[in-house]
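Notes follow the structure.
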Amino acid sequence: MFINLQAAYWVIGILLVLMIILATLTLSMKVNKKRLEKKEKKCLSEFRSYFDYLQLQLDNADRLRPPAKPLRIFEKKVLQKTLLQWVDRLEGIHRQKLLTLCEDIGLISYNRKRLKSPWSIIRIDAAYHLGILRDSESTSELLSMLHQKKFEASIYIIARSIAQTSKDVNEIKSLIQYLVENGKQNSHLIADISKESYLDLRSVYVDFLYESQLELVKVGLIGLQDQVDYHLSEDIHSFLHSKDKEIRILTAKLLTSSMALTKRDVQAYLQFPDWEVRQLFAEWIGNSELKQYAEYLREGVQDLNWMVSRSSAKSLMQLGTRGFEILCELASGNDGDRGREVANEFMEEELKQSIHRFSNLADITEYNQKVYIYQKYFGKSHDYLIKAT
Amino acid sequence: MREILLAYGIFAMYYVITINTIYFGIIMFSFKRITGIIKETFYSKYEPLSGSKHVPPISILVPAFNEELTVKENVRSLLALHYPTHEVIVVNDGSSDDTVGVLIDEFQLKYYKPTFIKDTIPTAKVKGIYYNPEFPNLYLVDKENGGKADALNAGINLSHYPLVSSIDADSLLESDALIRIARKYMENPEEYVAIGGNVRIANGCEISDGMVKKVNLPKKLLPMMQTVEYIKAFLGGRIGWSDINGLIIVSGAFGVFKKEYIIKVGGYRGGYPGEDMNIIIKLHRYMLDNKLPYKVDFCPDAVCWTQAPDTFKILGSQRKRWGRGNLKNMLEEGMYMFMRPRYKIMGWLTIPYNIIFETLSPYFRITGFLALVGYSLLDMSGWEIIATFMLINVLYGTLLGIGSLLIEEMAFQRYPRIRDYFKMVLYTVLMFFGYRQLGILWRFLGHIDFMRKNNTWGTMTRTSWNDSNENKQSA
Amino acid sequence: MSKAPIDSNILKSFHHFLHYYQASQLTCGVIVAHADLDQSKLSKLKAYLEKEEPDTAFQINYDAQLGILGLLLDDCNLAYTHFYALYVKEFLEQHNRLTGFLLVGSFPENSNDAEQMLMNMMKEMTESNSDAKEIKVFENITKKTAETRSILIVDPDVSVRQLLKNYLESKEYIVHTAKNGKDGLDQYKKLLPDLVITEINLSAIAGYQFINELKKIDEQSNRHSEIIVLTNKQMEQDIKRTFEFGVAEYITKSFSLIELEARIKRLVKVMG
């Protein structure tokens, strides 16, 4: 028959052995972890006074001193854990002092050595820490590590470290190019990573705008949004005619954040074919309280896309009495039925809300004015009058 | 006669061995992926990322049906997720209790006419939308009863963002769960259509303020069984399946989806349970039909804690629903993908595995068991063979459980105590003496329900998080 | 207490040194410690210190009656004196002779009167009943302002809480911490601090709800706390929204302690 008991016993044996191996492995990992935890706790309590010293003397001009006694590897690791957490959270002179201390303790040389480890997990650990340590001398090694590695999720860990350590704009540029070429539509993640760099990447982003690869253009557009005082050149507008929808949206975002727009631009973009772009501009007018564009939002409220329509109405709410009057006009049906309901909802919402937020005379004056406008269109309403108390 | 019975019984045994062997292969894929997961888990900076403007915004959809006890805490903790931009959309699916009232009180929501909800996907009638400008990222949709899928569809209709996340109203997300999934998504936003989170059992844990404060193993038998069952299914199973892009389900308790494609496949299917599996199969099918590159993934470090049923009655009804939903999904979608080359790994492996070894398993196992019983009644001479095979199956299953526990230990360590490990191993073994068989029976009963067209949500009783906590303390 | 600190032989033996430093405006560091020593241990300590930091000249004296050890370090600023105290502590701990806390100070950083400083340090040694075995930095009483401002820090990140607490405490603020919105709210009700520094990504109660609740409490009790948001969130909407909520400052992480303190100072002054 189709059974061989002998073979079955063998299978049982093998299964049992495998089970024991796996269980032993798990248990030894558990025990080991417990032991390390205990050791770390003890080590931390030994360092407590030292950490107090560091924190209290952070402000002093003096160089922070490494612990007096020679450190074992384990102690270095424990110190590294705490110190790098501080480095990560702080900026300015304090971070600089802590970084100098880390170097004095030998953390940089320790991690550089580990970067050459045969184990990929140790290399990643070292790369991660060298990034926080801002060790610019490791950048080239990190770059070659990046290029050798199969493109998988941990690539981004190395990439972040390169962005943190690099002193050379061109390195960052080639890093971004590498990530774009090998990754898939990861421009937002790349932008987040390049933000780690302390270098001025403006020129890199501008260069990217003229690349043929769309992903690079996107990285450029996203990156430039963070450049506060960057003067955009006129041809940025041409990206709004790109074939790629995301590029059009990103361009609109960049334009609104730069504020370099003429009246005609704004009017045109509020009628843009992509609803996302229309919505962006409608929201922007409200958030930046650009009262001069209130009139343009009238059509926005009548937009066939509900998101644009609501965003426009919401922006009108933020544009003072003129915005409010436009809402009233729309709600009264003077401009037809499109957008009427939305306008009505926001108009009433505005009245309801502002009745609760009087804090000074100006608020009351504005409220009264709004009620006055309201009555012009809808007749007397006792719900909204401020009652004499 | 005797020979036939024995032969069939042995065939059923081989059937189970085959299941375990396939599972073993899947676990190997899980192990292959584990170092990558460890790296991502420990060396990604989630705190800065949870405030970065480069992270995509997400709409969280919370279908709620008679959740007045838990919904308040739950919404509070969802609003408090550490994430750059997200909105929470609670959809009340015609509850008969005061789910709506509880939320209105807590967040001082005001009624709005449902003018701004669009009917992108048709749903049952929406009665109103509740909102408070002081909490601009919270919406409550009140609609007539239409089932969980219908509620999710209504949430999609209102959602403002291109990513949606479905979350059960009785589960708790860890505060970095969403950002962990988002980071994965950002690596390849073009291809990811769905990413699931890891579901863990919260029974026995210390919970307050909508957060799991201390992780403990459940004290009761059934939740304990489900704990090891979930670890095996999620860590051993889903990591491996996702590695070969053959994941057939993203748990309804917590997953993130690209809205565009959910709408393209017509939204969630109502009328039957198992809408979470259904949407994933539909996504696979749509993407493969249109030859679009895509990925369905699983993110084991994004954790959602859920309350497991702790009575036979509720667990049985849950499993019957799963059985019914699974059968429906296989008849409606699976059949058309079965062994069809265009559906690649789905067509060759995932769907056949699910049809032959999941959907049909009650029939093989029950008949095989009956054959062996019949055989033993006639003649006991083959007992040694039967016992050997049974032992192999138990050991094989246990090995898979132990392998999953090793994955847990390598990457997550939620249960650090050594005592807990032994307890989990014990229950992994115990699972094969009663619990597993019961599960198969329930699945079979679910199929019978399907034939009878019984389509209710099933018994759904919930206790408040706080209550279960108090019970635990007094126990 | 058999003896007043004024009679201590530490004061007597250091007297003319201090006088000299004072007169010539030279820097010196002082360490005093609760310790239980005998002559042999004392000379061991001396040898240990000479070996570990050979470049530092010091005077050492032990008051057996008070159980206080005194060290006077030549040409040492506060930072170094503090560091040096780590050696002293280590030695005393290793030999199990540390019986209380250590106090470090430096002239002229901590006081413009060297003798007065030692006097006050001795006083603090004998009067304080803290028995924590830690190193404290001497704070000159004359420096202390009559009313100290209280600050509540709400942040889920333990490193941020720790760094801020220590830093701001060294700047003479009273600092309390909470790790989530709910805890923060409870503490706020209890303490009613002058200033709250909060993250927006909070658990249990989200940041916005938390700030909202603070405002409500302020309204009911007719008082006012300034709020500084210190957050990972970089979005413009968040900045706009928090200012609408009446928040005074919005600072993103990572942050500079110096900048943060300057802003705190300005706010506190405005509150004056």
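Order determines the names: the first chain of the structure tokens is A, the second B, and so forth; residues in each chain are numbered 1 upward, and ligands are numbered 1 upward as they are shown.
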Legend entry - Residues of chain C within 6 Å of chain A, only C-alpha atoms counted, as a PyMOL selection string: chain C and resi 79+254-256
Inset, instruction - Could you please select, counting only C-alpha atoms, the residues of chain C within 8 Å of chain B and state them as a ChimeraX atom specification? - result: /C:182,201-207,209,231-235,253
Legend entry - Atom pair CA of Phe444 in chain B / CA of Glu332 in chain B: separation (Å): 18.3 Å
Legend entry - Residue with smallest distance to chain A - pool B:Tyr185, B:Tyr375, B:Tyr353, B:Trp305, counting only C-alpha atoms: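 Closest residue, counting only C-alpha atoms: B:Tyr185.
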Inset, instruction - Select residues of chain B: the criterion is any atom within 9 Å of an atom of chain A, counting only C-alpha atoms; output as a VMD selection string. - result: chain B and resid 7 10 35 to 40 42 to 44 49 52 to 56 112 to 113 115 to 118 133 160 183 to 184 186 to 191 384 to 385 388 to 389 391 to 392 395 to 396 398 to 400 402 to 403 405 to 407 409 to 410 413 416 to 418 421 425
Taking C-alpha atoms for each residue, export the selection above as a short mmCIF file (atom, residue, chain, number, x, y, z; two decimals), in the first residue's frame.
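Saved file out-v9.cif follows:
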data_model
loop_
_atom_site.label_atom_id
_atom_site.label_comp_id
_atom_site.auth_asym_id
_atom_site.auth_seq_id
_atom_site.Cartn_x
_atom_site.Cartn_y
_atom_site.Cartn_z
CA ALA B 7 -7.45 4.03 1.94
CA ILE B 10 -5.08 7.69 4.63
CA THR B 35 15.65 40.30 8.29
CA GLY B 36 14.28 42.96 5.96
CA ILE B 37 11.39 43.50 8.33
CA ILE B 38 13.70 43.72 11.34
CA LYS B 39 15.77 46.40 9.57
CA GLU B 40 12.72 48.43 8.63
CA PHE B 42 14.25 49.24 14.03
CA TYR B 43 16.05 51.61 11.72
CA SER B 44 13.27 53.76 10.32
CA LEU B 49 8.00 60.89 9.74
CA SER B 52 6.43 65.08 7.70
CA LYS B 53 4.54 66.91 5.00
CA HIS B 54 5.62 64.33 2.46
CA VAL B 55 3.46 61.57 3.92
CA PRO B 56 0.16 60.99 2.09
CA TYR B 112 -25.73 68.63 8.59
CA LYS B 113 -27.87 67.57 5.71
CA THR B 115 -25.57 67.20 0.81
CA PHE B 116 -21.87 66.74 0.66
CA ILE B 117 -21.72 63.00 0.53
CA LYS B 118 -21.46 61.86 -3.04
CA PRO B 133 -15.48 72.57 13.21
CA HIS B 160 -11.41 63.43 1.09
CA ARG B 183 6.22 54.48 5.12
CA LYS B 184 5.94 51.19 3.30
CA MET B 186 5.73 55.66 0.15
CA GLU B 187 8.41 53.31 -1.14
CA ASN B 188 6.21 52.40 -4.05
CA PRO B 189 3.02 54.46 -4.15
CA GLU B 190 2.41 53.53 -7.75
CA GLU B 191 2.07 49.80 -7.20
CA GLU B 384 -0.68 1.86 14.24
CA ILE B 385 -0.78 3.41 10.82
CA THR B 388 1.40 7.44 13.20
CA PHE B 389 -0.26 9.65 10.65
CA LEU B 391 0.98 12.10 15.22
CA ILE B 392 2.76 13.37 12.11
CA LEU B 395 3.76 17.44 15.07
CA TYR B 396 3.83 19.11 11.69
CA THR B 398 3.07 22.27 15.99
CA LEU B 399 6.31 22.78 14.11
CA LEU B 400 4.65 25.48 12.02
CA ILE B 402 6.81 27.02 16.78
CA GLY B 403 8.29 28.47 13.60
CA LEU B 405 6.74 31.95 17.41
CA LEU B 406 10.38 32.17 16.36
CA ILE B 407 9.46 34.88 13.86
CA GLU B 409 10.68 36.46 18.83
CA MET B 410 13.07 37.62 16.13
CA GLN B 413 8.90 40.34 21.07
CA PRO B 416 8.99 38.65 26.38
CA ARG B 417 8.37 36.33 29.31
CA ILE B 418 9.75 32.83 29.12
CA TYR B 421 6.54 31.07 25.47
CA VAL B 425 3.71 26.27 22.72
#
Legend entry - All helix (DSSP H, G or I) residues (DSSP, backbone) inside range 63-133 of chain C, as a ChimeraX atom specification: /C:78-94,114-127
Residues of the last selection are to be written out with N, CA and C atoms, as a PDB file, in the first residue's frame.
ATOM      1  N   LEU C  78      33.048  75.302  36.700  1.00  0.00           N
ATOM      2  CA  LEU C  78      31.973  74.437  37.188  1.00  0.00           C
ATOM      3  C   LEU C  78      31.905  73.129  36.395  1.00  0.00           C
ATOM      4  N   ALA C  79      32.036  73.262  35.058  1.00  0.00           N
ATOM      5  CA  ALA C  79      31.915  72.070  34.214  1.00  0.00           C
ATOM      6  C   ALA C  79      32.925  71.010  34.633  1.00  0.00           C
ATOM      7  N   TYR C  80      34.165  71.448  34.819  1.00  0.00           N
ATOM      8  CA  TYR C  80      35.191  70.482  35.171  1.00  0.00           C
ATOM      9  C   TYR C  80      35.017  69.979  36.606  1.00  0.00           C
ATOM     10  N   THR C  81      34.648  70.879  37.489  1.00  0.00           N
ATOM     11  CA  THR C  81      34.432  70.469  38.875  1.00  0.00           C
ATOM     12  C   THR C  81      33.382  69.363  38.944  1.00  0.00           C
ATOM     13  N   HIS C  82      32.319  69.560  38.168  1.00  0.00           N
ATOM     14  CA  HIS C  82      31.252  68.558  38.114  1.00  0.00           C
ATOM     15  C   HIS C  82      31.815  67.221  37.630  1.00  0.00           C
ATOM     16  N   PHE C  83      32.618  67.297  36.563  1.00  0.00           N
ATOM     17  CA  PHE C  83      33.196  66.082  36.015  1.00  0.00           C
ATOM     18  C   PHE C  83      34.099  65.408  37.046  1.00  0.00           C
ATOM     19  N   TYR C  84      34.893  66.232  37.739  1.00  0.00           N
ATOM     20  CA  TYR C  84      35.817  65.731  38.754  1.00  0.00           C
ATOM     21  C   TYR C  84      35.052  65.015  39.872  1.00  0.00           C
ATOM     22  N   ALA C  85      33.874  65.557  40.169  1.00  0.00           N
ATOM     23  CA  ALA C  85      33.064  64.962  41.231  1.00  0.00           C
ATOM     24  C   ALA C  85      32.664  63.530  40.897  1.00  0.00           C
ATOM     25  N   LEU C  86      32.597  63.224  39.595  1.00  0.00           N
ATOM     26  CA  LEU C  86      32.271  61.858  39.198  1.00  0.00           C
ATOM     27  C   LEU C  86      33.324  60.874  39.701  1.00  0.00           C
ATOM     28  N   TYR C  87      34.604  61.302  39.699  1.00  0.00           N
ATOM     29  CA  TYR C  87      35.674  60.460  40.245  1.00  0.00           C
ATOM     30  C   TYR C  87      35.482  60.247  41.740  1.00  0.00           C
ATOM     31  N   VAL C  88      35.209  61.364  42.406  1.00  0.00           N
ATOM     32  CA  VAL C  88      35.040  61.275  43.861  1.00  0.00           C
ATOM     33  C   VAL C  88      33.913  60.324  44.189  1.00  0.00           C
ATOM     34  N   LYS C  89      32.823  60.498  43.453  1.00  0.00           N
ATOM     35  CA  LYS C  89      31.655  59.663  43.713  1.00  0.00           C
ATOM     36  C   LYS C  89      31.985  58.199  43.448  1.00  0.00           C
ATOM     37  N   GLU C  90      32.646  57.964  42.335  1.00  0.00           N
ATOM     38  CA  GLU C  90      32.991  56.598  41.974  1.00  0.00           C
ATOM     39  C   GLU C  90      33.829  55.935  43.067  1.00  0.00           C
ATOM     40  N   PHE C  91      34.817  56.684  43.572  1.00  0.00           N
ATOM     41  CA  PHE C  91      35.678  56.133  44.613  1.00  0.00           C
ATOM     42  C   PHE C  91      34.869  55.817  45.866  1.00  0.00           C
ATOM     43  N   LEU C  92      34.076  56.785  46.293  1.00  0.00           N
ATOM     44  CA  LEU C  92      33.310  56.591  47.524  1.00  0.00           C
ATOM     45  C   LEU C  92      32.336  55.424  47.371  1.00  0.00           C
ATOM     46  N   GLU C  93      31.748  55.328  46.186  1.00  0.00           N
ATOM     47  CA  GLU C  93      30.781  54.251  45.970  1.00  0.00           C
ATOM     48  C   GLU C  93      31.463  52.890  45.964  1.00  0.00           C
ATOM     49  N   GLN C  94      32.622  52.856  45.307  1.00  0.00           N
ATOM     50  CA  GLN C  94      33.328  51.587  45.240  1.00  0.00           C
ATOM     51  C   GLN C  94      33.715  51.077  46.620  1.00  0.00           C
ATOM     52  N   ALA C 114      33.584  83.758  47.405  1.00  0.00           N
ATOM     53  CA  ALA C 114      34.044  82.381  47.520  1.00  0.00           C
ATOM     54  C   ALA C 114      33.762  81.796  48.901  1.00  0.00           C
ATOM     55  N   GLU C 115      34.060  82.555  49.934  1.00  0.00           N
ATOM     56  CA  GLU C 115      33.876  82.028  51.287  1.00  0.00           C
ATOM     57  C   GLU C 115      32.414  81.818  51.612  1.00  0.00           C
ATOM     58  N   GLN C 116      31.640  82.819  51.175  1.00  0.00           N
ATOM     59  CA  GLN C 116      30.202  82.723  51.414  1.00  0.00           C
ATOM     60  C   GLN C 116      29.637  81.483  50.702  1.00  0.00           C
ATOM     61  N   MET C 117      30.169  81.233  49.536  1.00  0.00           N
ATOM     62  CA  MET C 117      29.694  80.078  48.778  1.00  0.00           C
ATOM     63  C   MET C 117      29.926  78.784  49.537  1.00  0.00           C
ATOM     64  N   LEU C 118      31.122  78.591  50.040  1.00  0.00           N
ATOM     65  CA  LEU C 118      31.416  77.370  50.790  1.00  0.00           C
ATOM     66  C   LEU C 118      30.531  77.281  52.027  1.00  0.00           C
ATOM     67  N   MET C 119      30.389  78.419  52.658  1.00  0.00           N
ATOM     68  CA  MET C 119      29.540  78.492  53.859  1.00  0.00           C
ATOM     69  C   MET C 119      28.122  77.996  53.530  1.00  0.00           C
ATOM     70  N   ASN C 120      27.586  78.542  52.427  1.00  0.00           N
ATOM     71  CA  ASN C 120      26.230  78.157  52.045  1.00  0.00           C
ATOM     72  C   ASN C 120      26.147  76.692  51.627  1.00  0.00           C
ATOM     73  N   MET C 121      27.207  76.242  50.994  1.00  0.00           N
ATOM     74  CA  MET C 121      27.209  74.837  50.582  1.00  0.00           C
ATOM     75  C   MET C 121      27.191  73.927  51.807  1.00  0.00           C
ATOM     76  N   MET C 122      27.970  74.274  52.803  1.00  0.00           N
ATOM     77  CA  MET C 122      28.005  73.476  54.030  1.00  0.00           C
ATOM     78  C   MET C 122      26.633  73.490  54.688  1.00  0.00           C
ATOM     79  N   LYS C 123      26.026  74.656  54.638  1.00  0.00           N
ATOM     80  CA  LYS C 123      24.696  74.772  55.229  1.00  0.00           C
ATOM     81  C   LYS C 123      23.725  73.831  54.526  1.00  0.00           C
ATOM     82  N   GLU C 124      23.791  73.880  53.210  1.00  0.00           N
ATOM     83  CA  GLU C 124      22.880  73.024  52.450  1.00  0.00           C
ATOM     84  C   GLU C 124      23.144  71.548  52.765  1.00  0.00           C
ATOM     85  N   MET C 125      24.432  71.221  52.957  1.00  0.00           N
ATOM     86  CA  MET C 125      24.779  69.844  53.276  1.00  0.00           C
ATOM     87  C   MET C 125      24.143  69.404  54.580  1.00  0.00           C
ATOM     88  N   THR C 126      24.218  70.259  55.577  1.00  0.00           N
ATOM     89  CA  THR C 126      23.723  69.847  56.892  1.00  0.00           C
ATOM     90  C   THR C 126      22.210  69.990  57.011  1.00  0.00           C
ATOM     91  N   GLU C 127      21.644  70.920  56.254  1.00  0.00           N
ATOM     92  CA  GLU C 127      20.208  71.171  56.435  1.00  0.00           C
ATOM     93  C   GLU C 127      19.324  70.261  55.571  1.00  0.00           C
TER      94      GLU C 127
END
Need to verify the contact set: Tyr427 in chain B, 10 Å, only C-alpha atoms, exclusion of same-chain residues closer than 3 positions in sequence. Can you return it as an mmCIF file with N, CA and C atoms, in the first residue's frame?
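And here is the file that came out, part.cif:
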data_model
loop_
_atom_site.group_PDB
_atom_site.id
_atom_site.type_symbol
_atom_site.label_atom_id
_atom_site.label_comp_id
_atom_site.auth_asym_id
_atom_site.auth_seq_id
_atom_site.Cartn_x
_atom_site.Cartn_y
_atom_site.Cartn_z
ATOM 1 N N LEU B 221 -9.488 30.273 27.840
ATOM 2 C CA LEU B 221 -9.085 29.252 26.882
ATOM 3 C C LEU B 221 -9.226 29.713 25.433
ATOM 4 N N MET B 224 -6.961 32.494 24.173
ATOM 5 C CA MET B 224 -5.586 31.995 24.148
ATOM 6 C C MET B 224 -5.349 31.189 22.872
ATOM 7 N N MET B 225 -6.311 30.335 22.539
ATOM 8 C CA MET B 225 -6.213 29.566 21.294
ATOM 9 C C MET B 225 -6.105 30.509 20.105
ATOM 10 N N GLN B 226 -6.921 31.555 20.126
ATOM 11 C CA GLN B 226 -6.914 32.476 18.992
ATOM 12 C C GLN B 226 -5.614 33.269 18.920
ATOM 13 N N THR B 227 -5.012 33.531 20.088
ATOM 14 C CA THR B 227 -3.740 34.247 20.067
ATOM 15 C C THR B 227 -2.686 33.481 19.270
ATOM 16 N N VAL B 228 -2.531 32.184 19.608
ATOM 17 C CA VAL B 228 -1.523 31.420 18.864
ATOM 18 C C VAL B 228 -1.958 31.228 17.419
ATOM 19 N N GLU B 229 -3.244 31.097 17.220
ATOM 20 C CA GLU B 229 -3.763 30.937 15.862
ATOM 21 C C GLU B 229 -3.436 32.175 15.015
ATOM 22 N N THR B 398 2.383 21.627 14.877
ATOM 23 C CA THR B 398 3.068 22.265 15.993
ATOM 24 C C THR B 398 4.365 22.916 15.532
ATOM 25 N N GLY B 401 3.648 26.151 14.127
ATOM 26 C CA GLY B 401 3.359 27.105 15.207
ATOM 27 C C GLY B 401 4.647 27.582 15.855
ATOM 28 N N TYR B 421 6.164 31.894 26.611
ATOM 29 C CA TYR B 421 6.536 31.073 25.466
ATOM 30 C C TYR B 421 6.048 29.640 25.645
ATOM 31 N N PHE B 422 6.295 29.109 26.836
ATOM 32 C CA PHE B 422 5.863 27.730 27.076
ATOM 33 C C PHE B 422 4.347 27.628 26.991
ATOM 34 N N LYS B 423 3.691 28.640 27.501
ATOM 35 C CA LYS B 423 2.228 28.619 27.451
ATOM 36 C C LYS B 423 1.757 28.611 25.990
ATOM 37 N N MET B 424 2.410 29.427 25.161
ATOM 38 C CA MET B 424 1.985 29.490 23.771
ATOM 39 C C MET B 424 2.259 28.178 23.046
ATOM 40 N N LEU B 430 -2.258 22.020 21.980
ATOM 41 C CA LEU B 430 -3.642 21.766 22.397
ATOM 42 C C LEU B 430 -4.648 22.042 21.278
ATOM 43 N N MET B 431 -4.260 22.999 20.402
ATOM 44 C CA MET B 431 -5.143 23.402 19.329
ATOM 45 C C MET B 431 -5.621 22.210 18.502
ATOM 46 N N PHE B 432 -4.755 21.168 18.431
ATOM 47 C CA PHE B 432 -5.097 20.047 17.569
ATOM 48 C C PHE B 432 -6.028 19.047 18.249
ATOM 49 N N PHE B 433 -6.370 19.310 19.480
ATOM 50 C CA PHE B 433 -7.247 18.380 20.178
ATOM 51 C C PHE B 433 -8.566 19.070 20.510
#
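The space separating CA of Arg264 in chain A from CA of Asn334 in chain A comes to 25.3 Å.
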Legend entry - Atom pair CA of Lys46 in chain C / CA of Leu79 in chain A: separation (Å): 28.7 Å
Inset, instruction - May I have the residues within 9 Å of Arg342 in chain B as a PyMOL selection string, using only C-alpha atoms and disregarding those fewer than 5 positions away in the same chain? - result: chain B and resi 288-289+291+337+347
Would you mind exporting the chosen residues as a PDB file, in the first residue's frame, restricted to C-alpha atoms?
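Ended up saving to selection.pdb:
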ATOM      1  CA  LEU B 288      -4.163  41.412 -13.459  1.00  0.00           C
ATOM      2  CA  ASP B 289      -6.991  41.772 -15.980  1.00  0.00           C
ATOM      3  CA  LYS B 291      -2.067  44.099 -16.752  1.00  0.00           C
ATOM      4  CA  MET B 337      -9.286  32.714 -11.394  1.00  0.00           C
ATOM      5  CA  GLY B 347      -4.370  31.684 -10.270  1.00  0.00           C
TER       6      GLY B 347
END
Inset, instruction - For Leu217 in chain B, list every protein, DNA or RNA residue within 8 Å, evaluated using only C-alpha atoms, and leave out those in the same chain fewer than 4 positions away; present the list as a ChimeraX atom specification. - result: /B:203-205,224,227,415,420
